[in-house]
file query-v2.json (JSON, C-alpha atoms)
[["chain", "number", "residue", "atom", "x", "y", "z"],
["A", 1, "MET", "CA", 108.80, 133.55, 80.91],
["A", 2, "ARG", "CA", 107.64, 137.12, 80.40],
["A", 3, "ALA", "CA", 103.91, 137.61, 79.87],
["A", 4, "VAL", "CA", 101.56, 140.56, 79.64],
["A", 5, "GLU", "CA", 98.98, 140.69, 82.43],
["A", 6, "ILE", "CA", 96.00, 142.97, 83.05],
["A", 7, "ASN", "CA", 96.55, 144.76, 86.34],
["A", 8, "GLY", "CA", 93.33, 144.35, 88.31],
["A", 9, "GLY", "CA", 91.90, 141.83, 85.85],
["A", 10, "THR", "CA", 90.25, 144.44, 83.61],
["A", 11, "GLY", "CA", 90.95, 148.04, 82.73],
["A", 12, "PRO", "CA", 92.25, 150.55, 80.19],
["A", 13, "ALA", "CA", 95.26, 149.96, 77.97],
["A", 14, "GLN", "CA", 97.52, 151.31, 80.71],
["A", 15, "ALA", "CA", 96.51, 148.32, 82.87],
["A", 16, "LEU", "CA", 98.67, 146.04, 80.71],
["A", 17, "THR", "CA", 101.88, 145.22, 82.57],
["A", 18, "LEU", "CA", 104.78, 142.83, 82.03],
["A", 19, "ALA", "CA", 105.06, 140.03, 84.58],
["A", 20, "GLU", "CA", 106.83, 136.72, 85.10],
["A", 21, "ARG", "CA", 104.92, 133.47, 84.62],
["A", 22, "PRO", "CA", 106.07, 129.84, 84.77],
["A", 23, "ASP", "CA", 106.99, 128.44, 81.39],
["A", 24, "PRO", "CA", 104.06, 126.40, 80.02],
["A", 25, "VAL", "CA", 104.60, 122.72, 79.22],
["A", 26, "ALA", "CA", 103.32, 121.01, 76.08],
["A", 27, "GLY", "CA", 100.86, 118.29, 76.96],
["A", 28, "PRO", "CA", 99.65, 115.40, 74.79],
["A", 29, "GLY", "CA", 98.81, 116.58, 71.29],
["A", 30, "GLN", "CA", 100.31, 120.02, 71.92],
["A", 31, "LEU", "CA", 103.23, 122.15, 70.79],
["A", 32, "ARG", "CA", 105.07, 124.79, 72.76],
["A", 33, "ILE", "CA", 106.11, 127.71, 70.60],
["A", 34, "ARG", "CA", 108.95, 130.09, 71.34],
["A", 35, "VAL", "CA", 106.99, 133.18, 70.42],
["A", 36, "ARG", "CA", 108.77, 135.74, 68.23],
["A", 37, "ALA", "CA", 105.72, 137.84, 67.35],
["A", 38, "ALA", "CA", 102.05, 138.02, 68.36],
["A", 39, "GLY", "CA", 99.19, 139.68, 66.51],
["A", 40, "VAL", "CA", 97.11, 142.31, 68.31],
["A", 41, "ASN", "CA", 93.39, 142.08, 67.57],
["A", 42, "ARG", "CA", 90.24, 143.91, 68.63],
["A", 43, "PRO", "CA", 88.99, 140.92, 70.68],
["A", 44, "ASP", "CA", 92.09, 141.44, 72.87],
["A", 45, "ILE", "CA", 90.81, 144.92, 73.69],
["A", 46, "VAL", "CA", 87.33, 143.64, 74.45],
["A", 47, "GLN", "CA", 88.78, 140.95, 76.73],
["A", 48, "ARG", "CA", 90.94, 143.53, 78.50],
["A", 49, "GLN", "CA", 87.77, 145.54, 79.13],
["A", 50, "GLY", "CA", 86.14, 142.53, 80.75],
["A", 51, "ARG", "CA", 83.58, 141.88, 78.00],
["A", 52, "TYR", "CA", 85.10, 138.83, 76.27],
["A", 53, "PRO", "CA", 86.37, 136.26, 78.77],
["A", 54, "ALA", "CA", 88.70, 133.48, 77.71],
["A", 55, "PRO", "CA", 86.87, 130.24, 76.87],
["A", 56, "PRO", "CA", 87.12, 127.33, 79.37],
["A", 57, "GLY", "CA", 90.60, 125.82, 79.39],
["A", 58, "ALA", "CA", 92.27, 128.72, 77.54],
["A", 59, "SER", "CA", 95.05, 130.86, 78.99],
["A", 60, "ASP", "CA", 93.98, 134.10, 80.67],
["A", 61, "ILE", "CA", 96.88, 135.83, 78.88],
["A", 62, "LEU", "CA", 95.77, 137.90, 75.89],
["A", 63, "GLY", "CA", 96.74, 136.99, 72.34],
["A", 64, "LEU", "CA", 94.97, 134.89, 69.69],
["A", 65, "GLU", "CA", 97.76, 134.39, 67.13],
["A", 66, "VAL", "CA", 101.52, 133.95, 67.25],
["A", 67, "ALA", "CA", 104.52, 133.02, 65.15],
["A", 68, "GLY", "CA", 107.77, 131.44, 66.30],
["A", 69, "GLU", "CA", 109.67, 128.17, 66.51],
["A", 70, "VAL", "CA", 108.52, 124.88, 67.97],
["A", 71, "ASP", "CA", 110.63, 124.27, 71.07],
["A", 72, "GLN", "CA", 108.75, 121.46, 72.81],
["A", 73, "ILE", "CA", 106.47, 118.70, 71.53],
["A", 74, "GLY", "CA", 103.91, 116.73, 73.52],
["A", 75, "ASP", "CA", 103.11, 113.05, 73.16],
["A", 76, "GLY", "CA", 101.18, 111.98, 70.10],
["A", 77, "VAL", "CA", 102.33, 114.78, 67.79],
["A", 78, "GLY", "CA", 103.71, 113.46, 64.53],
["A", 79, "ARG", "CA", 103.80, 116.33, 62.07],
["A", 80, "TRP", "CA", 106.12, 118.83, 63.73],
["A", 81, "ALA", "CA", 109.75, 118.85, 64.86],
["A", 82, "VAL", "CA", 111.65, 121.09, 67.27],
["A", 83, "GLY", "CA", 112.87, 124.14, 65.37],
["A", 84, "ASP", "CA", 110.03, 124.23, 62.83],
["A", 85, "ARG", "CA", 108.83, 127.75, 61.97],
["A", 86, "VAL", "CA", 105.11, 127.91, 62.66],
["A", 87, "CYS", "CA", 102.26, 130.30, 63.21],
["A", 88, "ALA", "CA", 99.22, 129.30, 65.21],
["A", 89, "LEU", "CA", 95.67, 130.14, 66.19],
["A", 90, "LEU", "CA", 95.23, 130.33, 69.96],
["A", 91, "GLY", "CA", 92.38, 130.57, 72.42],
["A", 92, "GLY", "CA", 94.67, 132.84, 74.44],
["A", 93, "GLY", "CA", 98.25, 133.09, 75.63],
["A", 94, "GLY", "CA", 99.96, 134.90, 72.76],
["A", 95, "TYR", "CA", 101.34, 137.92, 74.65],
["A", 96, "ALA", "CA", 104.22, 135.93, 76.16],
["A", 97, "ASP", "CA", 107.62, 134.42, 75.42],
["A", 98, "HIS", "CA", 106.11, 130.93, 75.11],
["A", 99, "ALA", "CA", 102.68, 129.67, 74.12],
["A", 100, "VAL", "CA", 101.17, 126.19, 74.12],
["A", 101, "VAL", "CA", 98.79, 125.24, 71.33],
["A", 102, "ASP", "CA", 96.91, 122.24, 69.99],
["A", 103, "ALA", "CA", 99.32, 120.93, 67.34],
["A", 104, "ARG", "CA", 96.45, 120.81, 64.82],
["A", 105, "HIS", "CA", 96.02, 124.57, 65.12],
["A", 106, "ALA", "CA", 99.51, 125.38, 63.82],
["A", 107, "MET", "CA", 100.56, 126.05, 60.22],
["A", 108, "PRO", "CA", 104.01, 126.27, 58.64],
["A", 109, "VAL", "CA", 105.42, 129.73, 57.99],
["A", 110, "PRO", "CA", 105.91, 129.89, 54.20],
["A", 111, "ASN", "CA", 109.31, 130.71, 52.75],
["A", 112, "GLY", "CA", 109.73, 134.45, 52.32],
["A", 113, "VAL", "CA", 107.38, 135.30, 55.20],
["A", 114, "ASP", "CA", 109.05, 136.71, 58.32],
["A", 115, "MET", "CA", 107.81, 136.20, 61.86],
["A", 116, "VAL", "CA", 106.07, 139.57, 62.10],
["A", 117, "GLN", "CA", 104.15, 138.94, 58.89],
["A", 118, "ALA", "CA", 103.36, 135.38, 59.98],
["A", 119, "ALA", "CA", 101.95, 136.52, 63.32],
["A", 120, "ALA", "CA", 99.51, 138.77, 61.46],
["A", 121, "LEU", "CA", 97.95, 135.82, 59.60],
["A", 122, "PRO", "CA", 96.23, 133.07, 61.63],
["A", 123, "GLU", "CA", 93.35, 134.92, 63.32],
["A", 124, "THR", "CA", 92.52, 137.11, 60.34],
["A", 125, "VAL", "CA", 92.95, 134.51, 57.59],
["A", 126, "CYS", "CA", 90.91, 131.93, 59.53],
["A", 127, "THR", "CA", 88.18, 134.49, 60.29],
["A", 128, "VAL", "CA", 87.91, 135.59, 56.66],
["A", 129, "PHE", "CA", 88.04, 132.05, 55.29],
["A", 130, "ALA", "CA", 85.38, 130.75, 57.69],
["A", 131, "ASN", "CA", 82.99, 133.63, 57.16],
["A", 132, "VAL", "CA", 83.54, 134.78, 53.57],
["A", 133, "PHE", "CA", 84.37, 131.52, 51.82],
["A", 134, "GLU", "CA", 82.65, 128.88, 53.95],
["A", 135, "THR", "CA", 79.57, 130.55, 55.45],
["A", 136, "GLY", "CA", 79.38, 133.30, 52.82],
["A", 137, "ALA", "CA", 80.23, 130.92, 49.96],
["A", 138, "LEU", "CA", 81.91, 133.69, 47.93],
["A", 139, "LYS", "CA", 82.62, 132.51, 44.39],
["A", 140, "THR", "CA", 84.81, 133.69, 41.54],
["A", 141, "GLY", "CA", 83.13, 136.60, 39.78],
["A", 142, "GLU", "CA", 80.92, 137.53, 42.74],
["A", 143, "THR", "CA", 81.17, 140.77, 44.73],
["A", 144, "LEU", "CA", 82.07, 141.10, 48.41],
["A", 145, "LEU", "CA", 81.25, 144.16, 50.53],
["A", 146, "ILE", "CA", 83.71, 144.85, 53.37],
["A", 147, "HIS", "CA", 83.30, 147.55, 56.00],
["A", 148, "GLY", "CA", 86.27, 148.72, 58.06],
["A", 149, "ALA", "CA", 88.32, 147.80, 55.03],
["A", 150, "THR", "CA", 91.65, 148.99, 56.46],
["A", 151, "SER", "CA", 91.35, 146.98, 59.67],
["A", 152, "GLY", "CA", 93.31, 143.75, 60.05],
["A", 153, "ILE", "CA", 90.28, 141.71, 59.01],
["A", 154, "GLY", "CA", 89.44, 144.19, 56.25],
["A", 155, "VAL", "CA", 92.81, 144.21, 54.49],
["A", 156, "THR", "CA", 93.00, 140.42, 54.69],
["A", 157, "ALA", "CA", 89.49, 140.05, 53.27],
["A", 158, "ILE", "CA", 90.33, 142.34, 50.34],
["A", 159, "GLN", "CA", 93.41, 140.33, 49.45],
["A", 160, "MET", "CA", 91.77, 136.93, 49.88],
["A", 161, "ALA", "CA", 88.71, 137.88, 47.84],
["A", 162, "LYS", "CA", 90.88, 139.20, 45.01],
["A", 163, "ALA", "CA", 93.04, 136.07, 45.13],
["A", 164, "ALA", "CA", 89.86, 134.03, 44.67],
["A", 165, "GLY", "CA", 88.81, 136.05, 41.62],
["A", 166, "ALA", "CA", 86.02, 138.05, 43.27],
["A", 167, "ARG", "CA", 85.29, 141.77, 43.12],
["A", 168, "VAL", "CA", 85.49, 143.91, 46.25],
["A", 169, "VAL", "CA", 83.53, 146.91, 47.45],
["A", 170, "ALA", "CA", 85.27, 148.49, 50.44],
["A", 171, "THR", "CA", 84.16, 151.18, 52.86],
["A", 172, "SER", "CA", 86.35, 153.01, 55.33],
["A", 173, "ARG", "CA", 86.43, 156.35, 57.14],
["A", 174, "GLY", "CA", 88.45, 159.06, 55.43],
["A", 175, "ALA", "CA", 89.93, 159.69, 51.99],
["A", 176, "ASP", "CA", 93.35, 158.31, 52.97],
["A", 177, "LYS", "CA", 91.86, 155.02, 54.14],
["A", 178, "ALA", "CA", 89.71, 154.77, 51.03],
["A", 179, "GLU", "CA", 92.82, 155.20, 48.91],
["A", 180, "ALA", "CA", 94.68, 152.58, 50.97],
["A", 181, "ALA", "CA", 91.86, 150.06, 50.40],
["A", 182, "ARG", "CA", 91.94, 150.84, 46.68],
["A", 183, "ALA", "CA", 95.71, 150.26, 46.61],
["A", 184, "LEU", "CA", 95.18, 146.87, 48.26],
["A", 185, "GLY", "CA", 92.89, 145.82, 45.44],
["A", 186, "ALA", "CA", 89.37, 147.05, 46.17],
["A", 187, "ASP", "CA", 87.45, 147.56, 42.91],
["A", 188, "LEU", "CA", 85.23, 150.22, 44.50],
["A", 189, "SER", "CA", 86.54, 152.02, 47.59],
["A", 190, "LEU", "CA", 84.18, 154.42, 49.37],
["A", 191, "ASP", "CA", 84.67, 156.98, 52.11],
["A", 192, "ALA", "CA", 81.88, 156.28, 54.60],
["A", 193, "ARG", "CA", 82.13, 159.82, 55.93],
["A", 194, "VAL", "CA", 81.15, 161.57, 52.71],
["A", 195, "ASP", "CA", 79.98, 159.07, 50.07],
["A", 196, "ASP", "CA", 76.39, 157.95, 49.56],
["A", 197, "LEU", "CA", 77.09, 154.26, 50.13],
["A", 198, "GLU", "CA", 73.77, 152.88, 48.95],
["A", 199, "THR", "CA", 73.73, 154.87, 45.72],
["A", 200, "ALA", "CA", 77.34, 154.02, 44.89],
["A", 201, "ILE", "CA", 76.98, 150.31, 45.65],
["A", 202, "ARG", "CA", 73.74, 150.01, 43.71],
["A", 203, "ALA", "CA", 75.39, 151.74, 40.73],
["A", 204, "PHE", "CA", 78.21, 149.20, 40.97],
["A", 205, "GLY", "CA", 75.68, 146.40, 40.61],
["A", 206, "GLY", "CA", 75.08, 145.41, 44.22],
["A", 207, "VAL", "CA", 76.88, 142.71, 46.19],
["A", 208, "ASP", "CA", 76.60, 138.97, 46.73],
["A", 209, "VAL", "CA", 78.23, 138.73, 50.17],
["A", 210, "VAL", "CA", 78.55, 141.20, 53.05],
["A", 211, "LEU", "CA", 81.24, 140.79, 55.71],
["A", 212, "ASP", "CA", 79.60, 142.84, 58.46],
["A", 213, "MET", "CA", 81.67, 144.13, 61.37],
["A", 214, "VAL", "CA", 79.38, 147.15, 61.98],
["A", 215, "GLY", "CA", 76.00, 145.75, 62.99],
["A", 216, "ALA", "CA", 72.97, 147.94, 63.63],
["A", 217, "ASP", "CA", 73.90, 151.11, 61.74],
["A", 218, "TYR", "CA", 74.33, 149.38, 58.37],
["A", 219, "ALA", "CA", 71.49, 146.85, 58.55],
["A", 220, "ARG", "CA", 69.21, 148.84, 56.24],
["A", 221, "LEU", "CA", 72.07, 149.36, 53.78],
["A", 222, "HIS", "CA", 72.77, 145.64, 53.55],
["A", 223, "GLN", "CA", 69.14, 144.78, 52.90],
["A", 224, "ALA", "CA", 69.15, 147.35, 50.09],
["A", 225, "VAL", "CA", 72.38, 146.42, 48.29],
["A", 226, "LEU", "CA", 72.43, 142.64, 48.56],
["A", 227, "LYS", "CA", 71.47, 140.86, 45.35],
["A", 228, "PRO", "CA", 68.93, 138.02, 45.28],
["A", 229, "PHE", "CA", 70.35, 134.98, 47.10],
["A", 230, "GLY", "CA", 72.88, 137.27, 48.85],
["A", 231, "ARG", "CA", 74.66, 136.21, 52.03],
["A", 232, "TRP", "CA", 75.02, 138.59, 54.97],
["A", 233, "VAL", "CA", 77.59, 137.37, 57.50],
["A", 234, "VAL", "CA", 77.93, 139.21, 60.83],
["A", 235, "ILE", "CA", 81.18, 138.88, 62.78],
["A", 236, "ALA", "CA", 81.06, 142.00, 64.99],
["A", 237, "THR", "CA", 78.53, 144.59, 66.12],
["A", 238, "MET", "CA", 80.58, 147.72, 66.69],
["A", 239, "SER", "CA", 77.53, 150.00, 66.28],
["A", 240, "GLY", "CA", 75.29, 147.77, 68.37],
["A", 241, "PRO", "CA", 73.69, 144.31, 68.16],
["A", 242, "LEU", "CA", 70.04, 145.32, 67.79],
["A", 243, "ALA", "CA", 69.09, 145.97, 64.16],
["A", 244, "GLU", "CA", 65.84, 146.51, 62.28],
["A", 245, "ILE", "CA", 65.29, 143.72, 59.76],
["A", 246, "ASP", "CA", 62.62, 143.81, 57.07],
["A", 247, "LEU", "CA", 61.72, 140.13, 56.95],
["A", 248, "ALA", "CA", 59.61, 140.63, 53.84],
["A", 249, "ARG", "CA", 62.63, 142.00, 51.99],
["A", 250, "LEU", "CA", 64.78, 139.09, 53.13],
["A", 251, "MET", "CA", 62.09, 136.73, 51.89],
["A", 252, "MET", "CA", 61.67, 138.44, 48.52],
["A", 253, "LYS", "CA", 65.42, 138.58, 47.87],
["A", 254, "ARG", "CA", 66.09, 135.15, 49.43],
["A", 255, "ILE", "CA", 68.84, 136.69, 51.58],
["A", 256, "VAL", "CA", 70.64, 134.48, 54.09],
["A", 257, "LEU", "CA", 71.55, 136.29, 57.34],
["A", 258, "THR", "CA", 73.98, 134.52, 59.61],
["A", 259, "GLY", "CA", 76.90, 135.16, 61.97],
["A", 260, "SER", "CA", 79.69, 133.48, 63.85],
["A", 261, "THR", "CA", 82.59, 133.78, 66.24],
["A", 262, "LEU", "CA", 85.90, 131.93, 66.01],
["A", 263, "ARG", "CA", 87.51, 131.78, 69.43],
["A", 264, "GLY", "CA", 84.94, 129.63, 71.18],
["A", 265, "ARG", "CA", 84.71, 126.91, 68.52],
["A", 266, "PRO", "CA", 85.56, 123.37, 69.63],
["A", 267, "ALA", "CA", 89.14, 122.24, 69.08],
["A", 268, "ASP", "CA", 88.13, 119.70, 66.45],
["A", 269, "GLU", "CA", 86.25, 122.34, 64.47],
["A", 270, "LYS", "CA", 89.25, 124.70, 64.62],
["A", 271, "ALA", "CA", 91.47, 121.84, 63.41],
["A", 272, "ARG", "CA", 89.13, 121.27, 60.46],
["A", 273, "LEU", "CA", 89.20, 125.00, 59.66],
["A", 274, "ILE", "CA", 92.99, 125.20, 59.90],
["A", 275, "ALA", "CA", 93.33, 122.26, 57.49],
["A", 276, "ALA", "CA", 90.96, 123.94, 55.02],
["A", 277, "VAL", "CA", 92.84, 127.24, 55.29],
["A", 278, "GLU", "CA", 96.18, 125.53, 54.74],
["A", 279, "ALA", "CA", 94.85, 123.70, 51.68],
["A", 280, "THR", "CA", 93.08, 126.64, 50.03],
["A", 281, "ALA", "CA", 94.39, 129.96, 51.36],
["A", 282, "TRP", "CA", 97.98, 129.13, 52.31],
["A", 283, "PRO", "CA", 99.05, 128.88, 48.65],
["A", 284, "TRP", "CA", 97.86, 132.50, 48.26],
["A", 285, "VAL", "CA", 100.09, 133.46, 51.20],
["A", 286, "ALA", "CA", 103.06, 131.56, 49.78],
["A", 287, "ALA", "CA", 102.57, 133.27, 46.41],
["A", 288, "GLY", "CA", 102.51, 136.72, 48.02],
["A", 289, "LEU", "CA", 98.87, 137.38, 47.12],
["A", 290, "VAL", "CA", 97.83, 137.57, 50.77],
["A", 291, "ARG", "CA", 100.22, 139.60, 52.92],
["A", 292, "PRO", "CA", 98.25, 141.93, 55.23],
["A", 293, "PRO", "CA", 100.24, 145.13, 55.74],
["A", 294, "VAL", "CA", 101.69, 145.60, 59.22],
["A", 295, "GLU", "CA", 101.07, 149.15, 60.42],
["A", 296, "ALA", "CA", 103.36, 149.00, 63.45],
["A", 297, "THR", "CA", 105.29, 146.70, 65.77],
["A", 298, "TYR", "CA", 105.83, 147.12, 69.50],
["A", 299, "PRO", "CA", 108.00, 145.18, 71.93],
["A", 300, "LEU", "CA", 106.10, 143.00, 74.39],
["A", 301, "GLU", "CA", 106.64, 145.44, 77.23],
["A", 302, "ARG", "CA", 104.81, 148.14, 75.25],
["A", 303, "ALA", "CA", 101.59, 146.17, 74.80],
["A", 304, "SER", "CA", 99.66, 149.10, 76.25],
["A", 305, "ALA", "CA", 100.92, 151.37, 73.44],
["A", 306, "ALA", "CA", 99.89, 148.76, 70.88],
["A", 307, "HIS", "CA", 96.38, 148.68, 72.32],
["A", 308, "LEU", "CA", 96.14, 152.45, 72.28],
["A", 309, "ARG", "CA", 97.21, 152.47, 68.64],
["A", 310, "LEU", "CA", 94.55, 149.92, 67.74],
["A", 311, "GLU", "CA", 91.88, 151.75, 69.72],
["A", 312, "ALA", "CA", 92.69, 155.03, 67.97],
["A", 313, "GLY", "CA", 91.49, 153.45, 64.73],
["A", 314, "ASP", "CA", 93.84, 155.32, 62.40],
["A", 315, "HIS", "CA", 95.91, 152.29, 61.40],
["A", 316, "VAL", "CA", 95.94, 150.44, 58.09],
["A", 317, "GLY", "CA", 96.43, 146.70, 58.53],
["A", 318, "LYS", "CA", 97.81, 144.84, 61.51],
["A", 319, "ILE", "CA", 99.60, 145.75, 64.74],
["A", 320, "VAL", "CA", 102.07, 143.17, 66.07],
["A", 321, "LEU", "CA", 104.00, 142.63, 69.30],
["A", 322, "THR", "CA", 107.56, 141.29, 69.20],
["A", 323, "THR", "CA", 109.43, 139.44, 71.92],
["A", 324, "GLY", "CA", 112.98, 140.25, 70.85]]
call {"tool": "encode", "arguments": {"input": "query-v2.json", "output": "structure tokens"}}
result
Amino acid sequence: MRAVEINGGTGPAQALTLAERPDPVAGPGQLRIRVRAAGVNRPDIVQRQGRYPAPPGASDILGLEVAGEVDQIGDGVGRWAVGDRVCALLGGGGYADHAVVDARHAMPVPNGVDMVQAAALPETVCTVFANVFETGALKTGETLLIHGATSGIGVTAIQMAKAAGARVVATSRGADKAEAARALGADLSLDARVDDLETAIRAFGGVDVVLDMVGADYARLHQAVLKPFGRWVVIATMSGPLAEIDLARLMMKRIVLTGSTLRGRPADEKARLIAAVEATAWPWVAAGLVRPPVEATYPLERASAAHLRLEAGDHVGKIVLTTG
């Protein structure tokens, strides 16, 4: 099969090259998927740079989410059949013609969803569900604050929060991105370059949950705008991991500060999460309420261009590779 490798093991986007690898074989409890499309995510960039190694047992090939058809089934798998249209959450291996996955980590592609759209779902929907709805316990009528609102995670979080009956405060960089977040459903969309975020969010009534992909630079803001009993969930630290926390303020407001990653979770925990996503969030996908916009697609051999596009940061939504 064709697969994208990192020339030299780590490097810039231009280090991504197309190579030949043996076709993987589905083992017990696994599916092999004929990949038609693979989502491109920021953790792929961090892994390419040598700062996010694949967890033990995972493929060294980049790619955390794919969509395609089941073309081989291992022993002990009862749910799926060859030819089923599925999308799946991977620990790695998505940038290739075939990928092997724990059968419990696959979900059916809903009618009306094409392979490109389906490949944009598993990593982002699972990340948002785990952090906003499970850890963050967002409820109908509450308010969610999302930074980087036009990123793949951001656009998915907007749509999922609105589908659940919550209000959304979104921040992004630039008037065009702020308008894009508003068009996706954000109730208050702010331009982080020019708007006074704290004043605007306080005037809106504050927030109950923060989905934090920024880290250090916005720590003071979050302590200021979270309501009593607010939940602050950290999933990335793009401005740095070391933040100043006023513990007295957290105590007085009864704020819960927590964080998580997805990729390194045990297989059983991922299976539990996938089942919860399929039960709760997949109906939103099937109804068209959650369809993250796809900014651009690139053929597998142009994975380097896809990474450069993601690194530039001017996209709205997801970037997807296709295998042809």
call {"tool": "closest_atom_pairs", "arguments": {"input": "query-v2.json", "of": "segment 89-151 of chain A", "to": "segment 231-235 of chain A", "cutoff": "10 Å", "atoms": "all atoms listed in the file", "output": "Markdown table"}}
result
| residue | atom | partner | partner_atom | distance |
| --- | --- | --- | --- | --- |
| A:Thr127 | CA | A:Ile235 | CA | 8.6 |
| A:Val128 | CA | A:Ile235 | CA | 9.7 |
| A:Asn131 | CA | A:Val233 | CA | 6.6 |
| A:Val132 | CA | A:Val233 | CA | 7.6 |
| A:Thr135 | CA | A:Val233 | CA | 7.4 |
| A:Gly136 | CA | A:Arg231 | CA | 5.6 |
| A:Ala137 | CA | A:Arg231 | CA | 8.0 |
| A:Leu138 | CA | A:Arg231 | CA | 8.7 |
| A:Leu144 | CA | A:Arg231 | CA | 9.6 |
| A:Leu145 | CA | A:Trp232 | CA | 9.5 |
call {"tool": "residues_around", "arguments": {"input": "query-v2.json", "residues": "segment 1-18 of chain A", "least_positions_apart": "4", "cutoff": "9 Å", "atoms": "all atoms listed in the file", "output": "ChimeraX atom specification"}}
result
/A:22-24,45,47-50,60-62,93-98,300-308,323
call {"tool": "atom_distance", "arguments": {"input": "query-v2.json", "atom1": "atom CA of Ala106 of chain A", "atom2": "atom CA of Ile274 of chain A"}}
result
7.6 Å
call {"tool": "residues_around", "arguments": {"input": "query-v2.json", "residues": "Phe229 of chain A", "least_positions_apart": "4", "cutoff": "12 Å", "atoms": "only C-alpha atoms", "output": "PDB file with C-alpha atoms, keeping the file's coordinate frame"}}
result
ATOM      1  CA  GLY A 136      79.380 133.300  52.820  1.00  0.00           C
ATOM      2  CA  ALA A 137      80.230 130.920  49.960  1.00  0.00           C
ATOM      3  CA  LEU A 138      81.910 133.690  47.930  1.00  0.00           C
ATOM      4  CA  GLU A 142      80.920 137.530  42.740  1.00  0.00           C
ATOM      5  CA  GLY A 206      75.080 145.410  44.220  1.00  0.00           C
ATOM      6  CA  VAL A 207      76.880 142.710  46.190  1.00  0.00           C
ATOM      7  CA  ASP A 208      76.600 138.970  46.730  1.00  0.00           C
ATOM      8  CA  VAL A 209      78.230 138.730  50.170  1.00  0.00           C
ATOM      9  CA  VAL A 210      78.550 141.200  53.050  1.00  0.00           C
ATOM     10  CA  GLN A 223      69.140 144.780  52.900  1.00  0.00           C
ATOM     11  CA  VAL A 225      72.380 146.420  48.290  1.00  0.00           C
ATOM     12  CA  ARG A 249      62.630 142.000  51.990  1.00  0.00           C
ATOM     13  CA  LEU A 250      64.780 139.090  53.130  1.00  0.00           C
ATOM     14  CA  MET A 251      62.090 136.730  51.890  1.00  0.00           C
ATOM     15  CA  MET A 252      61.670 138.440  48.520  1.00  0.00           C
ATOM     16  CA  LYS A 253      65.420 138.580  47.870  1.00  0.00           C
ATOM     17  CA  ARG A 254      66.090 135.150  49.430  1.00  0.00           C
ATOM     18  CA  ILE A 255      68.840 136.690  51.580  1.00  0.00           C
ATOM     19  CA  VAL A 256      70.640 134.480  54.090  1.00  0.00           C
ATOM     20  CA  LEU A 257      71.550 136.290  57.340  1.00  0.00           C
TER      21      LEU A 257
END
call {"tool": "residues_around", "arguments": {"input": "query-v2.json", "residues": "segment 261-271 of chain A", "least_positions_apart": "3", "cutoff": "10 Å", "atoms": "all atoms listed in the file", "output": "PyMOL selection string"}}
result
chain A and resi 43+54-56+58+64+89-92+102-106+123+126-127+130-131+234-236+274-277
call {"tool": "atom_distance", "arguments": {"input": "query-v2.json", "atom1": "atom CA of Asp75 of chain A", "atom2": "atom CA of Glu278 of chain A"}}
result
23.3 Å
call {"tool": "closest_residue", "arguments": {"input": "query-v2.json", "among": "A:Lys318, A:His222, A:Arg291, A:His147", "to": "Met160 of chain A", "atoms": "all atoms listed in the file"}}
result
A:Arg291
call {"tool": "atom_distance", "arguments": {"input": "query-v2.json", "atom1": "atom CA of Thr297 of chain A", "atom2": "atom CA of Asp191 of chain A"}}
result
26.8 Å
call {"tool": "closest_residue", "arguments": {"input": "query-v2.json", "among": "A:Gly27, A:Gly317, A:Pro53, A:Gly174", "to": "Val77 of chain A", "atoms": "all atoms listed in the file"}}
result
A:Gly27
call {"tool": "closest_residue", "arguments": {"input": "query-v2.json", "among": "A:Val194, A:Val46, A:Leu31, A:Ala200", "to": "Val70 of chain A", "atoms": "all atoms listed in the file"}}
result
A:Leu31
call {"tool": "residues_around", "arguments": {"input": "query-v2.json", "residues": "Ala26 of chain A", "least_positions_apart": "3", "cutoff": "7 Å", "atoms": "only C-alpha atoms", "output": "list in words"}}
result
Gln30, Leu31, Arg32, Gln72, Ile73, Gly74 and Val100 of chain A
call {"tool": "residues_around", "arguments": {"input": "query-v2.json", "residues": "Ala163 of chain A", "least_positions_apart": "4", "cutoff": "9 Å", "atoms": "all atoms listed in the file", "output": "JSON, numbers by chain"}}
result
{"A": [158, 159, 281, 284, 289, 290]}
call {"tool": "closest_residue", "arguments": {"input": "query-v2.json", "among": "A:Met238, A:Val169, A:Ile33, A:Cys87", "to": "Met107 of chain A", "atoms": "only C-alpha atoms"}}
result
A:Cys87
call {"tool": "closest_residue", "arguments": {"input": "query-v2.json", "among": "A:Pro293, A:Gly259, A:Gly141, A:Pro299", "to": "Gln117 of chain A", "atoms": "all atoms listed in the file"}}
result
A:Pro293
call {"tool": "closest_residue", "arguments": {"input": "query-v2.json", "among": "A:Ala287, A:Leu273, A:Ala248, A:Val294", "to": "Val125 of chain A", "atoms": "only C-alpha atoms"}}
result
A:Leu273
